[in-house]
Amino acid sequence: MSDPAAPGTLRPGGRTARIREAVLLAAGDALAADGFDALDLGEIARRAGVGKTTVYRRWGTPGGLAADLLADMAEQSLPRADTGALEEDLRANARLVVRTLDDPRQGRLFRALIAASLCNEQAAEALHRFYAVRVDEWAGCVRDAVARGEVPDGTDPHGVVAAVSAPLYYALLNTGRSLTEADADRAARAASTAARAGVWVTG
């Protein structure tokens, strides 16, 4: 017998899908405005215009609601680039990260979720799954670069992609300044240069 689905992980259609969309929109707005503590399920139900019982039954906890919100964001994210050159692909990835983190709503939302992940296990697991999905999506750029002979065999695709976003998140969380396309381009150039030099070869 398979394990039951985690709260908020089902993907139904029709009226249930509309309820999910309304609740996730309300949850995202609350997170962006007031942080994880604003994810009171009763208040989210009121904002979304749905029954409180429905929200409690489906999501169960603020962490479960945050998990579904991140799953939806991962699904809605843009697919990876395919320019035929690793640095250009990684630049597209880095610029997408910068646009997301610099967006007034999305940037605040991610800050709230990162903060929540430090003290809420469900939020932490949800955030880890989100980044795993996105890194795996963009890892194809590196696998293609290996196939072209642009980077050495054995290069770790996930390591390269993570190396692109890591300095951007560091700058966001440790300096508080707005990120720029120059930051994105620098991160992509550093990661691609390291990959060509064999820094990310494993085994």
# chains A, B, ... in the order shown; residues from 1 in each chain; ligands from 1
$ residues_around --residues "Ser192 of chain A" --least-positions-apart "4" --cutoff "7 Å" --atoms "only C-alpha atoms" --output "PyMOL selection string"
chain A and resi 86-87+188+196
$ closest_atom_pairs --of "segment 99-125 of chain A" --to "segment 69-85 of chain A" --cutoff "10 Å" --atoms "only C-alpha atoms" --output "JSON lines"
{"residue": "A:Thr100", "atom": "CA", "partner": "A:Ser77", "partner_atom": "CA", "distance": 10.0}
{"residue": "A:Phe110", "atom": "CA", "partner": "A:Leu70", "partner_atom": "CA", "distance": 9.6}
{"residue": "A:Leu113", "atom": "CA", "partner": "A:Leu70", "partner_atom": "CA", "distance": 9.1}
{"residue": "A:Ala123", "atom": "CA", "partner": "A:Leu70", "partner_atom": "CA", "distance": 9.2}
$ atom_distance --atom1 "atom CA of Ala195 of chain A" --atom2 "atom CA of Arg134 of chain A"
19.1 Å
$ closest_residue --among "A:Leu39, A:Val146, A:Val151, A:Ala191" --to "Gly63 of chain A" --atoms "only C-alpha atoms"
A:Leu39
